[in-house]
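S.K.: Dropping a structure here in structure tokens format, bear with me for questions.
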Amino acid sequence: MGKLADDRVMQRLDSCSSSLLSYDWFFSRFPDQRSCCNFLFQSRLGNDWPCPRCGRQTKWHLSRYYYYGCQRCGYQLRPKAGTIFARSKIDLQRWFFVALLMCQSPRSVPAQFVKRATGLGEQAAWSLGDRLRSHMEWLGQPRLLGGPGKVIEVDETFLPNVVRSERARIKVLGITDRSQVMTFITKDRKRETIWPILRKFVAPGSIVNTDGWKAYRGLEALGFEHRFVNHLKGEWVGKDGTSTLFIDGYWARLKHFLSRTHVRINEAHIGKYIKEYELRFNHRNDRTAMFFRVIGEHPEFPAYTGRTLG
Ligand SMILES: [Zn+2]
């Protein structure tokens with residue numbers, strides 16, 4: 001996702017920030033298929049996108065069949081190309097509407113609810129929710145946190161009883177700067193697993209707070225200032241203010257979120273639910289921004305291959 005497209009999404013956001021995702025607002029902003037197509041085109045390509053075939057600046061016109069045509073050479077493209085909406089028979093307005101439901105709702109939205117709200121069949125409703133969740137997982141790509149003197153909390157947890165298989169205990173590693181959280185599903189909680197993740201996503205010079213788990217010993221070797229609290233001795237906040245209370249609170253909320261909506265989750269999908277909650281949490285103060293990211297932030301438009309795209 002380029003910065004330019006990011007800016008475009010934010011500009012959109014500014015123009016309708018007061019309405020807070022109400023249904024009235026949604027149906028006045030996206031009254032039909034055409035307005036949804038235009039939004040997708042604008043947020044991905046913008047008005048002045050040069051034609052990939054003739055290479056000239058052109059005006060793009062939306063045709064009856066939701067193709068955009070180049071005014072100069074007649075080349076056609078679809079803004080859905082390369083997004084989760086590509087090759088879907090469900091119309092864009094329904095997609096956006098379900099994205100709105102998912103962003104508005106305090107809990108995960110079950111397929112049955114999508115089915116009732118949109119009039120889709122059971123399979124279509126499930127697949128729509130699943131693809132939106134995969135997209136949220138893509139939006140929550142990990143990035144570098146921390147920096148010299150900044151406090152980072154690192155902790156790991158087990159999620160028992162959330163997946164269908166009896167024995168599976170999903171292990172999750174969390175990194176937070178006490179504002180944004182990043183989570184990773186790991187195969188175990190050993191040093192060989194945890195350290196490469198910390199090396200990649202925590203900036204050197206950060207003050208890393210952990211509990212007393214042995215895998216965290218010697219973290220100074222990665223260029224961090226390591227502080228820890230020993231939970232075994234009943235210590236939760238150290239004398240110098242060291243704590244992992246933020247990430248502990250996050251785990252409690254995540255577990256609550258997973259258990260409230262789903263009795264048991266298929267192990268193959270658990271990653272998506274964990275990342276869905278991560279995105280919700282990181283946008284907890286701005287659900288509108290989350291909605292516009294879900295519908296407006298997509299992988300780069302595919303390169304020209306000589307065929308109509310989408
Ligand atoms: Zn052209």
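All residue names refer to the structure tokens as shown: chains lettered A, B, ... in order, residues numbered from 1 in each chain, ligands numbered from 1 in order.
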Kindly provide, as a ChimeraX atom specification, all nucleotide and amino acid residues lying within 7 Å of ligand 1, counting only C-alpha atoms and all ligand atoms.
M.R.: /A:51-56,58,70-75
S.K.: Got time to write the residues from that selection, N, CA and C atoms, as a compact mmCIF listing (two decimals), in the first residue's frame?
M.R.:
```txt
# COMPACT_ATOMS: atom_id res chain seq x y z
N CYS A 51 -2.89 5.68 -17.98
CA CYS A 51 -3.35 4.40 -18.53
C CYS A 51 -2.18 3.43 -18.65
N PRO A 52 -2.30 2.20 -18.11
CA PRO A 52 -1.17 1.27 -18.16
C PRO A 52 -0.87 0.78 -19.60
N ARG A 53 -1.83 0.89 -20.50
CA ARG A 53 -1.57 0.41 -21.86
C ARG A 53 -0.98 1.51 -22.74
N CYS A 54 -1.64 2.70 -22.82
CA CYS A 54 -1.11 3.74 -23.71
C CYS A 54 -0.18 4.68 -22.96
N GLY A 55 -0.15 4.57 -21.61
CA GLY A 55 0.80 5.34 -20.83
C GLY A 55 0.48 6.83 -20.73
N ARG A 56 -0.69 7.25 -21.23
CA ARG A 56 -1.00 8.68 -21.22
C ARG A 56 -1.96 9.03 -20.09
N THR A 58 -5.26 10.23 -18.65
CA THR A 58 -6.56 10.05 -19.28
C THR A 58 -7.67 10.26 -18.28
N CYS A 70 -10.33 3.65 -20.54
CA CYS A 70 -9.43 4.76 -20.88
C CYS A 70 -10.06 5.53 -22.03
N GLN A 71 -10.14 6.87 -21.90
CA GLN A 71 -10.79 7.69 -22.91
C GLN A 71 -9.98 7.72 -24.21
N ARG A 72 -8.68 7.47 -24.11
CA ARG A 72 -7.82 7.61 -25.29
C ARG A 72 -7.70 6.31 -26.09
N CYS A 73 -7.50 5.16 -25.40
CA CYS A 73 -7.28 3.93 -26.17
C CYS A 73 -8.37 2.88 -25.94
N GLY A 74 -9.30 3.17 -25.03
CA GLY A 74 -10.40 2.24 -24.83
C GLY A 74 -10.06 1.07 -23.91
N TYR A 75 -8.87 1.07 -23.35
CA TYR A 75 -8.46 -0.01 -22.44
C TYR A 75 -9.38 -0.05 -21.22
```
S.K.: Which parts of segment 19-259 of chain A does DSSP call helix (DSSP H, G or I) when run on the backbone here, written out as a ChimeraX atom specification?
M.R.: /A:23-29,33-44,92-104,111-118,122-139,191-201,214-216,219-222,231-233,245-259
S.K.: Now that the selection is made, can you save its residues with C-alpha atoms as an mmCIF file, in the first residue's frame?
M.R.:
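Below is the file that was written, selection32.cif:
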```
data_model
loop_
_atom_site.group_PDB
_atom_site.id
_atom_site.type_symbol
_atom_site.label_atom_id
_atom_site.label_comp_id
_atom_site.auth_asym_id
_atom_site.auth_seq_id
_atom_site.Cartn_x
_atom_site.Cartn_y
_atom_site.Cartn_z
ATOM 1 C CA TYR A 23 -26.693 3.320 8.668
ATOM 2 C CA ASP A 24 -28.002 6.685 7.431
ATOM 3 C CA TRP A 25 -24.498 7.790 6.751
ATOM 4 C CA PHE A 26 -23.610 4.519 5.020
ATOM 5 C CA PHE A 27 -26.543 4.592 2.608
ATOM 6 C CA SER A 28 -26.029 8.251 1.777
ATOM 7 C CA ARG A 29 -22.298 7.713 1.227
ATOM 8 C CA GLN A 33 -22.992 0.025 -6.792
ATOM 9 C CA ARG A 34 -21.578 2.937 -8.784
ATOM 10 C CA SER A 35 -20.581 4.942 -5.683
ATOM 11 C CA CYS A 36 -18.827 1.867 -4.225
ATOM 12 C CA CYS A 37 -16.931 1.288 -7.486
ATOM 13 C CA ASN A 38 -15.924 4.941 -7.622
ATOM 14 C CA PHE A 39 -14.671 4.809 -4.054
ATOM 15 C CA LEU A 40 -12.567 1.732 -4.782
ATOM 16 C CA PHE A 41 -11.137 3.296 -7.944
ATOM 17 C CA GLN A 42 -10.325 6.569 -6.155
ATOM 18 C CA SER A 43 -8.734 4.946 -3.132
ATOM 19 C CA ARG A 44 -6.582 2.593 -5.240
ATOM 20 C CA LEU A 92 -19.656 -4.254 -3.639
ATOM 21 C CA GLN A 93 -22.321 -2.469 -1.603
ATOM 22 C CA ARG A 94 -23.012 -5.704 0.320
ATOM 23 C CA TRP A 95 -19.287 -6.214 0.880
ATOM 24 C CA PHE A 96 -18.954 -2.680 2.255
ATOM 25 C CA PHE A 97 -22.054 -3.120 4.380
ATOM 26 C CA VAL A 98 -20.711 -6.273 6.030
ATOM 27 C CA ALA A 99 -17.367 -4.520 6.580
ATOM 28 C CA LEU A 100 -19.361 -1.771 8.311
ATOM 29 C CA LEU A 101 -21.148 -4.317 10.514
ATOM 30 C CA MET A 102 -17.840 -5.903 11.451
ATOM 31 C CA CYS A 103 -16.273 -2.556 12.330
ATOM 32 C CA GLN A 104 -19.308 -1.304 14.279
ATOM 33 C CA ALA A 111 -22.006 -15.830 9.678
ATOM 34 C CA GLN A 112 -25.628 -16.285 10.782
ATOM 35 C CA PHE A 113 -25.860 -12.575 11.502
ATOM 36 C CA VAL A 114 -24.344 -11.683 8.107
ATOM 37 C CA LYS A 115 -26.863 -14.013 6.498
ATOM 38 C CA ARG A 116 -29.811 -12.303 8.168
ATOM 39 C CA ALA A 117 -28.511 -8.788 7.556
ATOM 40 C CA THR A 118 -27.727 -9.238 3.868
ATOM 41 C CA GLU A 122 -25.265 -19.457 4.424
ATOM 42 C CA GLN A 123 -22.175 -20.412 2.433
ATOM 43 C CA ALA A 124 -21.849 -16.970 0.819
ATOM 44 C CA ALA A 125 -22.288 -15.225 4.167
ATOM 45 C CA TRP A 126 -19.629 -17.370 5.766
ATOM 46 C CA SER A 127 -17.169 -16.905 2.926
ATOM 47 C CA LEU A 128 -17.723 -13.143 2.897
ATOM 48 C CA GLY A 129 -16.908 -12.874 6.614
ATOM 49 C CA ASP A 130 -13.945 -15.174 6.209
ATOM 50 C CA ARG A 131 -12.462 -13.136 3.364
ATOM 51 C CA LEU A 132 -12.928 -9.884 5.265
ATOM 52 C CA ARG A 133 -11.115 -11.470 8.210
ATOM 53 C CA SER A 134 -8.258 -12.579 5.943
ATOM 54 C CA HIS A 135 -8.084 -9.002 4.719
ATOM 55 C CA MET A 136 -7.924 -7.715 8.296
ATOM 56 C CA GLU A 137 -5.084 -10.160 8.879
ATOM 57 C CA TRP A 138 -3.288 -8.632 5.882
ATOM 58 C CA LEU A 139 -3.934 -5.113 7.212
ATOM 59 C CA ARG A 191 14.241 -18.511 22.988
ATOM 60 C CA GLU A 192 14.919 -19.745 19.417
ATOM 61 C CA THR A 193 11.334 -18.856 18.520
ATOM 62 C CA ILE A 194 10.907 -15.596 20.407
ATOM 63 C CA TRP A 195 14.226 -13.876 19.802
ATOM 64 C CA PRO A 196 14.099 -13.671 15.971
ATOM 65 C CA ILE A 197 10.669 -11.993 16.232
ATOM 66 C CA LEU A 198 11.932 -9.460 18.765
ATOM 67 C CA ARG A 199 15.040 -8.800 16.681
ATOM 68 C CA LYS A 200 12.878 -8.061 13.661
ATOM 69 C CA PHE A 201 10.072 -6.002 15.187
ATOM 70 C CA LYS A 214 13.721 -17.923 31.122
ATOM 71 C CA ALA A 215 13.604 -17.369 27.354
ATOM 72 C CA TYR A 216 13.836 -13.623 27.979
ATOM 73 C CA LEU A 219 17.860 -9.871 25.954
ATOM 74 C CA GLU A 220 20.522 -7.156 26.314
ATOM 75 C CA ALA A 221 22.393 -9.050 23.609
ATOM 76 C CA LEU A 222 19.826 -7.764 21.082
ATOM 77 C CA HIS A 231 5.298 -12.952 38.821
ATOM 78 C CA LEU A 232 6.279 -16.074 40.763
ATOM 79 C CA LYS A 233 7.238 -13.893 43.704
ATOM 80 C CA LEU A 245 0.080 -4.931 32.833
ATOM 81 C CA PHE A 246 -0.892 -3.538 29.422
ATOM 82 C CA ILE A 247 -0.265 -6.763 27.558
ATOM 83 C CA ASP A 248 -1.803 -8.815 30.407
ATOM 84 C CA GLY A 249 -4.969 -6.730 30.054
ATOM 85 C CA TYR A 250 -4.894 -7.310 26.299
ATOM 86 C CA TRP A 251 -4.775 -11.093 26.776
ATOM 87 C CA ALA A 252 -7.810 -10.953 29.049
ATOM 88 C CA ARG A 253 -9.771 -8.961 26.444
ATOM 89 C CA LEU A 254 -8.680 -11.227 23.589
ATOM 90 C CA LYS A 255 -9.784 -14.360 25.452
ATOM 91 C CA HIS A 256 -13.093 -12.750 26.308
ATOM 92 C CA PHE A 257 -13.598 -11.735 22.655
ATOM 93 C CA LEU A 258 -12.901 -15.236 21.371
ATOM 94 C CA SER A 259 -15.076 -17.011 23.903
#
```
S.K.: Hey, what does DSSP flag as strand (DSSP E) within segment 19-124 of chain A? Can you give it to me as a PyMOL selection string?
M.R.: chain A and resi 60-62+68-70+76-77
S.K.: Which residues come within 9 Å of Arg280 of chain A, counting only C-alpha atoms, excluding same-chain residues fewer than 3 positions away, as a list in words?
M.R.: Cys103, Pro106, Lys275, Glu276, Tyr277, His283, Arg284, Arg287 and Met290 of chain A
S.K.: Show me, as a list in words, the residues that have an atom within 8 Å of Lys80 of chain A when counting only C-alpha atoms, minus same-chain residues fewer than 4 positions from it.
M.R.: Leu40, Ile84, Phe85, Ala86 and Gly310 of chain A
S.K.: Rounded to one decimal, what separation in Å do you get between atom CA of Gly146 of chain A and atom CA of Gly241 of chain A?
M.R.: 17.4 Å
S.K.: So what do you get for atom CA of Leu173 of chain A versus atom CA of Thr242 of chain A, distance-wise?
M.R.: 18.7 Å
S.K.: Under the rule that only C-alpha atoms are counted, which of A:Asn47, A:Pro204, A:Thr157, A:Leu120 is the nearest residue to Asp91 of chain A?
M.R.: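 Between A:Asn47, A:Pro204, A:Thr157, A:Leu120, the residue approaching Asp91 of chain A most closely is A:Leu120.
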S.K.: Separation of atom CA of His298 of chain A and atom CA of Gly82 of chain A, in Å?
M.R.: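 The value is 7.8 Å.
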